[in-house]
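protein-v3.txt (compact mmCIF, C-alpha atoms)
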```
# COMPACT_ATOMS: atom_id res chain seq x y z
CA MET A 1 -67.23 3.77 26.09
CA VAL A 2 -68.32 5.51 29.24
CA LYS A 3 -71.78 4.82 30.47
CA SER A 4 -73.91 7.12 32.58
CA TYR A 5 -77.56 7.96 32.81
CA SER A 6 -77.81 9.95 35.99
CA GLY A 7 -81.28 11.44 36.24
CA ILE A 8 -82.68 9.16 33.53
CA MET A 9 -84.90 6.38 34.79
CA ALA A 10 -84.22 3.02 33.20
CA GLY A 11 -86.87 2.04 30.69
CA SER A 12 -88.63 5.37 30.89
CA ASN A 13 -88.61 8.87 29.46
CA GLU A 14 -89.29 10.31 32.88
CA ILE A 15 -86.44 12.30 34.36
CA SER A 16 -85.39 14.28 37.34
CA LYS A 17 -84.69 17.45 35.37
CA PRO A 18 -81.58 19.44 36.40
CA LYS A 19 -82.43 22.86 37.82
CA TRP A 20 -80.27 24.63 35.28
CA LEU A 21 -82.26 23.14 32.38
CA ASN A 22 -84.77 25.99 32.51
CA THR A 23 -86.31 28.73 30.41
CA ALA A 24 -83.25 30.97 30.72
CA PHE A 25 -80.99 28.19 29.43
CA PHE A 26 -83.18 27.44 26.41
CA GLU A 27 -83.54 31.12 25.63
CA SER A 28 -79.75 31.56 25.63
CA ALA A 29 -79.35 28.50 23.42
CA LEU A 30 -81.91 29.56 20.82
CA ARG A 31 -80.77 33.17 20.78
CA SER A 32 -77.21 31.97 20.16
CA ALA A 33 -78.33 29.86 17.20
CA GLU A 34 -81.29 31.80 15.79
CA GLY A 35 -80.85 35.44 16.84
CA GLU A 36 -81.76 37.69 19.73
CA ASN A 37 -85.38 38.19 18.68
CA ILE A 38 -86.49 35.03 20.55
CA THR A 39 -88.42 34.60 23.78
CA VAL A 40 -89.00 31.12 25.19
CA ILE A 41 -92.56 30.46 26.36
CA SER A 42 -92.27 26.91 27.68
CA SER A 43 -90.25 23.71 27.51
CA GLU A 44 -90.88 20.02 28.09
CA VAL A 45 -87.84 17.87 28.82
CA LYS A 46 -87.59 14.07 28.48
CA ALA A 47 -84.83 11.50 28.36
CA ALA A 48 -83.44 11.33 24.82
CA THR A 49 -81.99 7.83 24.99
CA ALA A 50 -82.87 4.45 26.41
CA PRO A 51 -80.56 2.80 28.94
CA GLY A 52 -77.49 1.41 27.18
CA ASP A 53 -77.89 3.58 24.07
CA ASN A 54 -75.63 6.37 25.27
CA TYR A 55 -72.24 6.34 26.93
CA GLY A 56 -70.42 9.28 28.47
CA SER A 57 -73.15 11.85 29.15
CA ASP A 58 -76.82 12.39 29.89
CA MET A 59 -79.00 13.12 26.88
CA TYR A 60 -82.19 15.17 27.10
CA ARG A 61 -84.77 15.93 24.43
CA ALA A 62 -86.52 19.26 24.89
CA ALA A 63 -89.63 20.46 23.09
CA VAL A 64 -89.29 24.23 23.32
CA LYS A 65 -92.07 26.66 22.45
CA PHE A 66 -90.87 30.19 21.69
CA LYS A 67 -91.77 33.45 20.03
CA ARG A 68 -89.75 34.89 17.20
CA GLY A 69 -91.04 38.43 17.12
CA THR A 70 -94.82 37.97 17.04
CA GLU A 71 -94.76 34.45 15.60
CA THR A 72 -94.98 31.39 17.87
CA GLU A 73 -92.82 28.39 16.93
CA GLU A 74 -91.78 25.08 18.45
CA ILE A 75 -88.53 23.18 18.10
CA SER A 76 -87.16 19.89 19.39
CA ILE A 77 -83.52 20.01 20.48
CA ILE A 78 -81.05 17.71 22.18
CA VAL A 79 -79.12 18.74 25.27
CA LYS A 80 -76.02 16.68 25.95
CA ALA A 81 -74.92 17.24 29.53
CA SER A 82 -72.34 16.20 32.03
CA LYS A 83 -73.38 15.59 35.58
CA ASP A 84 -72.08 15.84 39.12
CA LEU A 85 -69.58 12.99 39.42
CA ALA A 86 -67.90 12.75 42.77
CA HIS A 87 -65.97 9.52 42.30
CA GLY A 88 -65.42 6.44 40.20
CA ILE A 89 -63.95 5.76 36.78
CA ILE A 90 -66.26 8.15 34.94
CA ALA A 91 -65.24 11.00 37.24
CA LYS A 92 -61.56 10.24 36.60
CA ILE A 93 -62.14 10.27 32.87
CA MET A 94 -63.93 13.60 33.01
CA ASP A 95 -61.17 15.05 35.21
CA ALA A 96 -58.36 13.74 33.00
CA MET A 97 -59.24 16.04 30.11
CA ASN A 98 -61.82 18.72 29.57
CA ILE A 99 -63.65 16.58 27.05
CA PHE A 100 -66.77 18.75 26.85
CA ASP A 101 -64.64 21.73 25.81
CA GLN A 102 -62.94 19.49 23.27
CA GLU A 103 -66.26 18.34 21.84
CA THR A 104 -67.52 21.92 21.77
CA ALA A 105 -64.46 22.94 19.76
CA ALA A 106 -65.26 20.19 17.29
CA PHE A 107 -68.89 21.24 16.83
CA ALA A 108 -68.47 25.01 17.03
CA ILE A 109 -65.17 25.57 15.23
CA VAL A 110 -63.80 22.61 13.27
CA PHE A 111 -66.96 21.12 11.77
CA PRO A 112 -68.27 24.41 10.33
CA ALA A 113 -64.89 24.96 8.69
CA MET A 114 -64.96 21.43 7.27
CA TYR A 115 -68.48 22.01 5.93
CA ASN A 116 -67.32 25.25 4.29
CA LEU A 117 -64.66 23.29 2.42
CA LEU A 118 -67.12 20.61 1.31
CA ASN A 119 -69.76 23.15 0.30
CA GLU A 120 -67.35 24.71 -2.19
CA VAL A 121 -67.87 21.56 -4.30
CA PRO A 122 -71.46 21.25 -5.61
CA SER A 123 -71.49 17.46 -5.41
CA LEU A 124 -70.34 17.59 -1.77
CA SER A 125 -72.48 20.47 -0.54
CA ASN A 126 -74.95 19.98 2.31
CA GLN A 127 -73.55 16.55 3.15
CA SER A 128 -73.48 16.72 6.94
CA PHE A 129 -71.81 14.09 9.08
CA ALA A 130 -73.06 15.36 12.46
CA ALA A 131 -76.00 17.15 14.03
CA LYS A 132 -76.25 20.91 13.70
CA TYR A 133 -74.64 22.75 16.62
CA PHE A 134 -76.67 25.39 18.48
CA TYR A 135 -74.99 26.33 21.75
CA SER A 136 -72.72 25.25 24.59
CA HIS A 137 -72.29 26.30 28.18
CA SER A 138 -70.00 25.28 31.01
CA ASP A 139 -69.84 26.35 34.65
CA GLU A 140 -69.35 24.80 38.08
CA THR A 141 -72.79 23.15 37.85
CA ALA A 142 -72.53 21.31 34.54
CA SER A 143 -71.23 21.37 30.99
CA SER A 144 -73.66 21.06 28.11
CA ILE A 145 -73.93 21.12 24.33
CA VAL A 146 -77.18 21.86 22.49
CA LEU A 147 -77.71 20.19 19.12
CA GLU A 148 -80.47 19.68 16.60
CA ASP A 149 -82.73 16.71 17.23
CA LEU A 150 -81.84 14.23 14.50
CA LYS A 151 -84.95 12.24 15.30
CA VAL A 152 -87.06 15.04 13.82
CA LYS A 153 -85.26 14.40 10.53
CA ASP A 154 -86.08 10.68 10.80
CA PHE A 155 -82.63 9.56 11.95
CA ARG A 156 -82.56 6.72 14.45
CA LEU A 157 -80.27 4.09 15.87
CA ALA A 158 -79.90 1.06 13.65
CA ASP A 159 -82.29 -1.84 14.02
CA ASN A 160 -81.12 -5.29 15.10
CA ARG A 161 -78.00 -3.88 16.74
CA MET A 162 -77.41 -7.01 18.77
CA SER A 163 -76.17 -8.70 15.59
CA GLY A 164 -74.02 -5.80 14.44
CA LEU A 165 -74.46 -3.66 11.32
CA ASP A 166 -74.99 -5.33 7.97
CA LEU A 167 -72.79 -4.64 4.96
CA LYS A 168 -74.96 -1.82 3.54
CA HIS A 169 -74.78 0.09 6.82
CA CYS A 170 -71.05 -0.54 7.06
CA LEU A 171 -70.33 0.67 3.54
CA LEU A 172 -72.30 3.85 4.21
CA VAL A 173 -70.26 4.43 7.37
CA MET A 174 -67.05 3.86 5.39
CA LYS A 175 -68.02 6.49 2.82
CA THR A 176 -69.07 9.01 5.46
CA ILE A 177 -66.04 8.64 7.70
CA ALA A 178 -63.84 8.91 4.58
CA ARG A 179 -65.49 12.25 3.78
CA PHE A 180 -64.95 13.34 7.39
CA HIS A 181 -61.27 12.30 7.32
CA ALA A 182 -60.63 13.92 3.93
CA ALA A 183 -62.16 17.27 4.92
CA SER A 184 -60.13 17.29 8.13
CA LEU A 185 -56.92 16.59 6.23
CA VAL A 186 -57.46 19.47 3.83
CA LEU A 187 -58.46 21.82 6.63
CA TYR A 188 -55.34 20.87 8.56
CA GLN A 189 -53.20 22.02 5.64
CA LYS A 190 -54.92 25.40 5.75
CA ASP A 191 -55.04 25.91 9.52
CA PRO A 192 -53.18 23.34 11.65
CA ALA A 193 -53.65 25.43 14.79
CA MET A 194 -57.38 24.68 14.65
CA PHE A 195 -56.59 21.07 15.52
CA LYS A 196 -54.52 21.80 18.62
CA PRO A 197 -57.31 20.66 21.01
CA PHE A 198 -57.28 17.23 19.34
CA MET A 199 -53.63 16.32 19.63
CA ASP A 200 -54.46 14.18 22.69
CA ASN A 201 -57.45 12.32 24.01
CA VAL A 202 -58.31 10.39 27.16
CA PHE A 203 -56.69 7.20 25.89
CA SER A 204 -53.56 8.77 24.41
CA ILE A 205 -52.28 10.43 27.57
CA ASP A 206 -49.96 8.48 29.82
CA LYS A 207 -52.01 8.90 32.95
CA ASP A 208 -53.78 6.38 35.14
CA ILE A 209 -57.46 7.31 35.04
CA GLY A 210 -58.86 3.93 36.00
CA ILE A 211 -59.92 2.76 32.56
CA GLY A 212 -57.37 -0.03 32.50
CA GLU A 213 -59.00 -1.71 35.47
CA SER A 214 -62.31 -1.68 33.65
CA PHE A 215 -60.77 -3.04 30.44
CA ALA A 216 -58.97 -5.77 32.41
CA GLY A 217 -62.26 -6.86 33.92
CA ASN A 218 -63.74 -7.11 30.44
CA VAL A 219 -60.82 -9.19 29.15
CA ASN A 220 -61.15 -11.46 32.16
CA ARG A 221 -64.79 -12.19 31.31
CA VAL A 222 -63.77 -13.17 27.79
CA ALA A 223 -60.98 -15.37 29.16
CA LYS A 224 -63.41 -17.16 31.47
CA GLU A 225 -65.63 -17.92 28.50
CA VAL A 226 -62.76 -19.11 26.29
CA GLU A 227 -61.66 -21.41 29.10
CA LYS A 228 -64.87 -23.39 28.47
CA TRP A 229 -63.98 -24.00 24.80
CA PRO A 230 -61.66 -27.03 24.51
CA ASP A 231 -60.44 -26.15 21.01
CA TYR A 232 -59.57 -22.58 22.03
CA ARG A 233 -58.42 -22.91 25.63
CA GLU A 234 -54.92 -24.16 24.90
CA LYS A 235 -54.23 -21.63 22.15
CA PHE A 236 -55.74 -18.47 23.55
CA LEU A 237 -56.30 -18.60 27.31
CA GLN A 238 -52.78 -17.62 28.37
CA LYS A 239 -52.65 -14.97 25.66
CA LEU A 240 -55.85 -13.44 27.01
CA HIS A 241 -54.43 -13.42 30.53
CA ASN A 242 -51.34 -11.63 29.17
CA ILE A 243 -53.57 -9.06 27.46
CA ARG A 244 -55.54 -8.55 30.66
CA ASP A 245 -52.40 -7.71 32.62
CA THR A 246 -51.24 -5.02 30.17
CA VAL A 247 -54.44 -4.03 28.40
CA MET A 248 -54.29 -0.28 29.00
CA GLU A 249 -50.67 -0.05 27.89
CA GLN A 250 -51.48 -2.03 24.74
CA TRP A 251 -54.57 0.06 24.02
CA ARG A 252 -52.59 3.29 24.34
CA LYS A 253 -49.81 2.03 22.06
CA ALA A 254 -52.42 0.96 19.52
CA ILE A 255 -53.98 4.41 19.11
CA ILE A 256 -51.04 6.72 19.80
CA ARG A 257 -50.23 9.04 16.93
CA ASN A 258 -47.05 8.65 14.91
CA ASP A 259 -46.37 11.98 13.22
CA GLU A 260 -44.42 10.20 10.48
CA GLU A 261 -47.55 8.31 9.42
CA PHE A 262 -50.70 9.33 7.55
CA ASN A 263 -52.96 11.09 10.08
CA VAL A 264 -56.45 12.61 10.03
CA LEU A 265 -59.01 13.79 12.54
CA CYS A 266 -60.56 10.58 13.86
CA HIS A 267 -63.93 10.31 15.53
CA GLY A 268 -62.23 8.21 18.19
CA ASP A 269 -65.25 6.24 19.38
CA LEU A 270 -66.83 5.10 16.14
CA TRP A 271 -69.22 2.34 17.16
CA LEU A 272 -72.83 1.67 16.24
CA ASN A 273 -74.43 3.51 19.17
CA ASN A 274 -72.55 6.65 18.16
CA MET A 275 -74.29 6.90 14.81
CA MET A 276 -77.87 7.45 13.66
CA PHE A 277 -79.29 6.37 10.33
CA ARG A 278 -82.04 7.61 8.03
CA TYR A 279 -83.95 5.12 5.88
CA SER A 280 -85.90 5.47 2.64
CA ASP A 281 -89.65 5.76 3.11
CA ASP A 282 -90.16 3.86 -0.13
CA THR A 283 -87.65 1.01 0.08
CA GLY A 284 -86.61 0.94 3.73
CA GLU A 285 -82.96 0.97 2.60
CA VAL A 286 -80.46 2.94 4.66
CA GLU A 287 -79.60 6.27 2.99
CA GLU A 288 -77.71 8.54 5.39
CA VAL A 289 -75.76 8.41 8.62
CA ARG A 290 -74.89 11.05 11.22
CA PHE A 291 -72.15 10.55 13.79
CA VAL A 292 -72.67 11.58 17.40
CA ASP A 293 -70.46 11.85 20.50
CA PHE A 294 -67.13 13.45 19.62
CA GLN A 295 -65.66 13.42 23.12
CA LEU A 296 -62.75 11.19 22.08
CA THR A 297 -61.98 12.92 18.78
CA TYR A 298 -58.24 12.71 18.15
CA TRP A 299 -55.67 13.46 15.43
CA THR A 300 -54.17 10.09 14.56
CA SER A 301 -54.13 7.30 11.97
CA PRO A 302 -57.45 6.66 10.18
CA ALA A 303 -56.89 2.99 10.99
CA VAL A 304 -57.96 3.79 14.55
CA ASP A 305 -61.47 4.61 13.36
CA LEU A 306 -61.55 1.83 10.78
CA GLN A 307 -60.34 -1.03 12.96
CA TYR A 308 -62.47 0.05 15.91
CA PHE A 309 -65.68 0.45 13.92
CA ILE A 310 -65.34 -2.74 11.93
CA HIS A 311 -64.34 -4.94 14.86
CA THR A 312 -66.88 -3.57 17.32
CA SER A 313 -69.90 -2.91 15.12
CA ALA A 314 -69.92 -4.93 11.90
CA SER A 315 -72.04 -8.06 11.85
CA ALA A 316 -70.35 -11.45 11.47
CA GLU A 317 -71.46 -11.51 7.83
CA ALA A 318 -70.14 -8.00 7.16
CA LEU A 319 -66.80 -8.88 8.76
CA GLU A 320 -66.25 -11.36 5.94
CA HIS A 321 -66.11 -8.36 3.59
CA PHE A 322 -63.34 -6.48 5.42
CA GLU A 323 -61.37 -5.79 2.23
CA LEU A 324 -64.46 -4.47 0.45
CA MET A 325 -65.18 -2.06 3.30
CA ILE A 326 -61.60 -0.78 3.27
CA GLN A 327 -61.67 -0.38 -0.51
CA GLU A 328 -64.89 1.65 -0.22
CA TYR A 329 -63.22 3.87 2.36
CA TYR A 330 -60.09 4.32 0.25
CA ASN A 331 -61.96 5.09 -2.97
CA THR A 332 -64.11 7.70 -1.25
CA LEU A 333 -61.15 9.27 0.57
CA CYS A 334 -59.24 9.71 -2.69
CA GLU A 335 -62.33 10.97 -4.52
CA ILE A 336 -63.04 13.64 -1.89
CA LEU A 337 -59.41 14.79 -1.76
CA ALA A 338 -59.44 15.14 -5.55
CA LEU A 339 -62.71 17.09 -5.52
CA LEU A 340 -61.27 19.37 -2.81
CA LYS A 341 -58.32 20.00 -5.16
CA HIS A 342 -55.79 18.31 -2.91
CA PRO A 343 -55.01 15.11 -4.85
CA HIS A 344 -51.40 15.32 -3.64
CA LEU A 345 -52.69 14.34 -0.17
CA GLN A 346 -54.07 11.03 -1.41
CA PRO A 347 -52.33 8.10 0.25
CA THR A 348 -51.64 4.93 -1.66
CA MET A 349 -53.57 1.79 -0.84
CA THR A 350 -50.26 0.39 0.37
CA VAL A 351 -50.13 3.14 2.99
CA ILE A 352 -53.66 2.42 4.19
CA ASN A 353 -52.98 -1.30 4.41
CA ARG A 354 -49.78 -0.64 6.31
CA GLU A 355 -51.68 1.57 8.75
CA LEU A 356 -54.27 -1.16 9.26
CA GLU A 357 -51.55 -3.73 9.85
CA THR A 358 -49.69 -1.43 12.26
CA ARG A 359 -52.95 -0.96 14.17
CA GLY A 360 -53.87 -4.63 13.94
CA ARG A 361 -53.64 -5.16 17.67
CA TYR A 362 -56.25 -2.45 18.02
CA ALA A 363 -58.63 -4.62 15.98
CA MET A 364 -58.02 -7.46 18.43
CA LEU A 365 -58.36 -5.24 21.50
CA SER A 366 -61.53 -3.65 20.11
CA THR A 367 -63.02 -7.11 19.65
CA ILE A 368 -62.18 -8.26 23.17
CA VAL A 369 -62.82 -5.02 25.07
CA GLY A 370 -65.47 -3.33 22.95
CA ARG A 371 -67.38 -5.78 20.78
CA ASN A 372 -68.76 -7.70 23.76
CA VAL A 373 -70.29 -4.47 25.07
CA VAL A 374 -71.72 -3.53 21.67
CA LEU A 375 -73.34 -6.94 21.16
CA VAL A 376 -74.59 -7.23 24.73
CA ASP A 377 -78.05 -8.53 25.51
CA ARG A 378 -80.13 -5.33 25.76
CA SER A 379 -81.73 -6.65 28.95
CA LYS A 380 -78.30 -6.95 30.58
CA ILE A 381 -76.81 -3.54 29.96
CA PRO A 382 -73.28 -3.16 31.36
CA ASP A 383 -72.26 -0.31 33.62
CA LEU A 384 -68.66 0.81 33.30
CA GLU A 385 -68.33 1.22 37.05
CA ASN A 386 -69.34 -2.45 37.49
CA MET A 387 -67.07 -3.79 34.77
CA THR A 388 -64.16 -3.81 37.22
CA LYS A 389 -66.02 -6.11 39.60
CA GLU A 390 -66.20 -9.87 39.57
CA ASN A 391 -69.90 -10.55 39.18
CA ASP A 392 -72.33 -12.22 36.83
CA THR A 393 -74.35 -9.13 35.93
CA ILE A 394 -72.47 -8.68 32.65
CA GLN A 395 -72.92 -11.66 30.37
CA LEU A 396 -71.49 -12.27 26.93
CA SER A 397 -74.16 -12.67 24.27
CA GLU A 398 -74.33 -15.74 22.06
CA VAL A 399 -73.83 -13.51 19.00
CA TYR A 400 -70.61 -12.19 20.50
CA LYS A 401 -69.35 -15.67 21.42
CA GLU A 402 -69.85 -16.94 17.88
CA SER A 403 -68.07 -13.96 16.35
CA LEU A 404 -65.19 -14.37 18.80
CA LYS A 405 -64.75 -17.99 17.74
CA LYS A 406 -64.29 -16.79 14.16
CA LEU A 407 -62.05 -13.82 14.93
CA LEU A 408 -59.55 -15.29 17.38
CA PRO A 409 -58.05 -17.69 14.78
CA LEU A 410 -57.83 -14.83 12.26
CA PHE A 411 -56.01 -12.66 14.77
CA GLU A 412 -53.63 -15.52 15.45
CA VAL A 413 -52.80 -15.90 11.76
CA LYS A 414 -52.13 -12.16 11.48
CA GLY A 415 -50.01 -12.15 14.62
CA TRP A 416 -52.29 -9.70 16.40
CA ILE A 417 -52.83 -11.89 19.46
```

If you convert what's in this file into structure tokens, what do you get?
Amino acid sequence: MVKSYSGIMAGSNEISKPKWLNTAFFESALRSAEGENITVISSEVKAATAPGDNYGSDMYRAAVKFKRGTETEEISIIVKASKDLAHGIIAKIMDAMNIFDQETAAFAIVFPAMYNLLNEVPSLSNQSFAAKYFYSHSDETASSIVLEDLKVKDFRLADNRMSGLDLKHCLLVMKTIARFHAASLVLYQKDPAMFKPFMDNVFSIDKDIGIGESFAGNVNRVAKEVEKWPDYREKFLQKLHNIRDTVMEQWRKAIIRNDEEFNVLCHGDLWLNNMMFRYSDDTGEVEEVRFVDFQLTYWTSPAVDLQYFIHTSASAEALEHFELMIQEYYNTLCEILALLKHPHLQPTMTVINRELETRGRYAMLSTIVGRNVVLVDRSKIPDLENMTKENDTIQLSEVYKESLKKLLPLFEVKGWI
């Protein structure tokens, strides 16, 4: 999770708009997606996210008025952009790998091919898992990706995120990520070269890019809290200190791909702020989900996505239904592979459970390093650059503390901590 909102004013939609975000840019974007017969008349640009809702890039929402031939139209689009980063952890991350090019490859090349596979099956057709891709551009000034505005289609971030996602949301995510994983697996059989950009990600490479220092600071905050709990201090405090001292090495080992295992294309950063939901107008029940932010997409075990999502983003109540969520994932994965006429690729449930057990430490690390950020008090939004510092600006929420008290003993029983 990399936080940045350069140019976006906290608590406001007002922005200092980049100079390159101009008529010429929008015209190139729309012509790329809709055809050359387009002339942009005007554009209005606002911040697309509130502080704390987006990590890793600046998000802009643009209302663009244009002419298609003689007809005047208007469209709302999202521009996801990098920014000028001279120093700090975020700059190191961006320098470590060309993650905007990687995300562009996902949107422009891999996802359309996955959709083509799914659309061959009537019951799977038109089941998107991400926003529609329009355009991308990269030069010495900035890198950017232009996508459809999911808000126009009534998608939004989940409500009551400070408590985590309830079981209905979680089961929907399980079904959707299973469809994503299954389509990637079939596509890989047809064209493995297409996945070459995703054989590594920021966390899988053995290179010091400063993230470990940030993670260690996060573990230290958890340790300081656990030190206040008499029933937990003796059991877990030293273990947390040990995790702090080797957290980046443990994190890397937890996600690294084993080519002898069952692997798929993983989202890589599957937490609740990287997904938008659409709800029924009639019942208010959640109906669809779209994933966003594919900068950490990586070919590895599906357990990486599953353990990370469940242990960062599921509510305490939903966590009690871990087995149900995994069963929903497994059933959907096998169903999609069968519908795509690749039943021979179906893993057994034993394989999935083994993967989850092998990646069990990732569940623990996700809880300690990630869940406290996800369940943070929205008025005390953490900044990655400040997570390495000893200060009181980042405080653990009461919801997080209560979930940690439940999870630490479970991790101990499983041998994950």

Could you list, as a PyMOL selection string, every residue within 10 Å of region 33-42 of chain A, counting only C-alpha atoms and ignoring same-chain residues fewer than 2 positions away? chain A and resi 22-31+44+62-74+132-135+146-147

Can those selected residues be exported to a file as a PDB file, in the coordinates of the input so that it contains C-alpha atoms?
```
ATOM      1  CA  ASN A  22     -84.770  25.990  32.510  1.00  0.00           C
ATOM      2  CA  THR A  23     -86.310  28.730  30.410  1.00  0.00           C
ATOM      3  CA  ALA A  24     -83.250  30.970  30.720  1.00  0.00           C
ATOM      4  CA  PHE A  25     -80.990  28.190  29.430  1.00  0.00           C
ATOM      5  CA  PHE A  26     -83.180  27.440  26.410  1.00  0.00           C
ATOM      6  CA  GLU A  27     -83.540  31.120  25.630  1.00  0.00           C
ATOM      7  CA  SER A  28     -79.750  31.560  25.630  1.00  0.00           C
ATOM      8  CA  ALA A  29     -79.350  28.500  23.420  1.00  0.00           C
ATOM      9  CA  LEU A  30     -81.910  29.560  20.820  1.00  0.00           C
ATOM     10  CA  ARG A  31     -80.770  33.170  20.780  1.00  0.00           C
ATOM     11  CA  GLU A  44     -90.880  20.020  28.090  1.00  0.00           C
ATOM     12  CA  ALA A  62     -86.520  19.260  24.890  1.00  0.00           C
ATOM     13  CA  ALA A  63     -89.630  20.460  23.090  1.00  0.00           C
ATOM     14  CA  VAL A  64     -89.290  24.230  23.320  1.00  0.00           C
ATOM     15  CA  LYS A  65     -92.070  26.660  22.450  1.00  0.00           C
ATOM     16  CA  PHE A  66     -90.870  30.190  21.690  1.00  0.00           C
ATOM     17  CA  LYS A  67     -91.770  33.450  20.030  1.00  0.00           C
ATOM     18  CA  ARG A  68     -89.750  34.890  17.200  1.00  0.00           C
ATOM     19  CA  GLY A  69     -91.040  38.430  17.120  1.00  0.00           C
ATOM     20  CA  THR A  70     -94.820  37.970  17.040  1.00  0.00           C
ATOM     21  CA  GLU A  71     -94.760  34.450  15.600  1.00  0.00           C
ATOM     22  CA  THR A  72     -94.980  31.390  17.870  1.00  0.00           C
ATOM     23  CA  GLU A  73     -92.820  28.390  16.930  1.00  0.00           C
ATOM     24  CA  GLU A  74     -91.780  25.080  18.450  1.00  0.00           C
ATOM     25  CA  LYS A 132     -76.250  20.910  13.700  1.00  0.00           C
ATOM     26  CA  TYR A 133     -74.640  22.750  16.620  1.00  0.00           C
ATOM     27  CA  PHE A 134     -76.670  25.390  18.480  1.00  0.00           C
ATOM     28  CA  TYR A 135     -74.990  26.330  21.750  1.00  0.00           C
ATOM     29  CA  VAL A 146     -77.180  21.860  22.490  1.00  0.00           C
ATOM     30  CA  LEU A 147     -77.710  20.190  19.120  1.00  0.00           C
TER      31      LEU A 147
END
```

Proximity to Leu185 (chain A) - best of A:Met325, A:Val264, A:Leu319, A:Leu117, all atoms listed in the file: A:Val264

Mind giving me the straight-line distance from CA of Leu270 (chain A) to CA of Glu355 (chain A) in Å, one decimal?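 Interatomic distance, CA of Leu270 (chain A) to CA of Glu355 (chain A): 17.2 Å.
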
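Restricting the calculation to all atoms listed in the file, the smallest distance between Ser43 (chain A) and any of A:Met59, A:Leu21, A:Ala182, A:Ile205 is found for A:Leu21.
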
Write out as a list of chain:residue names which residues come within 12 Å of Trp229 (chain A) when counting all atoms listed in the file, dropping same-chain ones fewer than 6 positions away.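 Neighbouring residues, sequence-local ones excluded: A:Val222, A:Ala223, A:Lys235, A:Phe236, A:Leu237, A:Lys401, A:Glu402, A:Leu404, A:Lys405.
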
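The smallest atom-to-atom distance between Phe180 (chain A) and any of A:Thr297, A:Ser82, A:Asn242, A:Ser123, using only C-alpha atoms, is found for A:Thr297.
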
Tell me, as a ChimeraX atom specification, which residues lie within 7 Å of Ser313 (chain A), counting all atoms listed in the file; anything in the same chain fewer than 6 positions away does not count. /A:164-165,271-272,371,374

For CA of Ala303 (chain A) and CA of Pro347 (chain A), the interatomic separation in Å (one decimal):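 Separating CA of Ala303 (chain A) from CA of Pro347 (chain A) is a distance of 12.7 Å.
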
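Atom to atom, CA of Ala105 (chain A) and CA of Pro122 (chain A) stand 26.4 Å apart.
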
So, with all atoms listed in the file as the atoms that count, which of A:Asp191, A:Asp269, A:Asp159, A:Asp149 lies closest to Val110 (chain A)?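 Looking only at the distances to Val110 (chain A), the closest residue turns out to be A:Asp191.
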
Rank A:Lys196, A:Lys406, A:Arg244, A:Ser16 by their smallest atom-to-atom distance to Ile109 (chain A), using all atoms listed in the file, and report the top residue only.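 Looking only at the distances to Ile109 (chain A), the closest residue turns out to be A:Lys196.
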
Shell around Val304 (chain A) at 12 Å using only C-alpha atoms, local window under 4 positions removed, as a ChimeraX atom specification: /A:177,181,203-204,251-258,262-271,296-300,308-312,352,355-366

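Minimum atom-to-atom distances from A:Ser397, A:Gly415, A:Glu317, A:Ile336 to Asn119 (chain A) were compared using all atoms listed in the file, and the lowest value belongs to A:Ile336.
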
From (-58.6, 14.2, 0.6), in the file's coordinates, out to 9 Å: which residues are reached, counting only C-alpha atoms? Answer as a VMD selection string. chain A and resid 178 to 179 181 to 186 332 to 347

Test item: residues at most 6 Å from region 98-103 of chain A, all atoms listed in the file, excluding those fewer than 2 positions along its chain, as number ranges by chain: A: 105-106, 294-295

Show me that you can extract region 44-50 of chain A, keeping N, CA, C and O atoms, and write it as a compact mmCIF listing (two decimals), in the first residue's frame.
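Contents of decode_19.txt, freshly written:
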```
# COMPACT_ATOMS: atom_id res chain seq x y z
N GLU A 44 -13.24 19.56 -17.28
CA GLU A 44 -13.21 20.00 -15.90
C GLU A 44 -12.64 18.88 -15.06
O GLU A 44 -13.17 17.76 -15.06
N VAL A 45 -11.56 19.15 -14.35
CA VAL A 45 -10.83 18.11 -13.62
C VAL A 45 -10.96 18.32 -12.12
O VAL A 45 -10.77 19.42 -11.62
N LYS A 46 -11.29 17.23 -11.41
CA LYS A 46 -11.39 17.25 -9.94
C LYS A 46 -10.64 16.06 -9.37
O LYS A 46 -10.32 15.11 -10.09
N ALA A 47 -10.41 16.09 -8.08
CA ALA A 47 -9.86 14.92 -7.40
C ALA A 47 -10.89 13.80 -7.45
O ALA A 47 -12.08 14.03 -7.24
N ALA A 48 -10.44 12.58 -7.72
CA ALA A 48 -11.36 11.46 -7.83
C ALA A 48 -11.52 10.69 -6.53
O ALA A 48 -12.46 9.91 -6.39
N THR A 49 -10.61 10.89 -5.59
CA THR A 49 -10.67 10.15 -4.34
C THR A 49 -10.46 11.07 -3.16
O THR A 49 -9.83 12.13 -3.27
N ALA A 50 -10.98 10.64 -2.03
CA ALA A 50 -10.74 11.37 -0.78
C ALA A 50 -9.41 10.92 -0.19
O ALA A 50 -8.91 9.84 -0.52
```
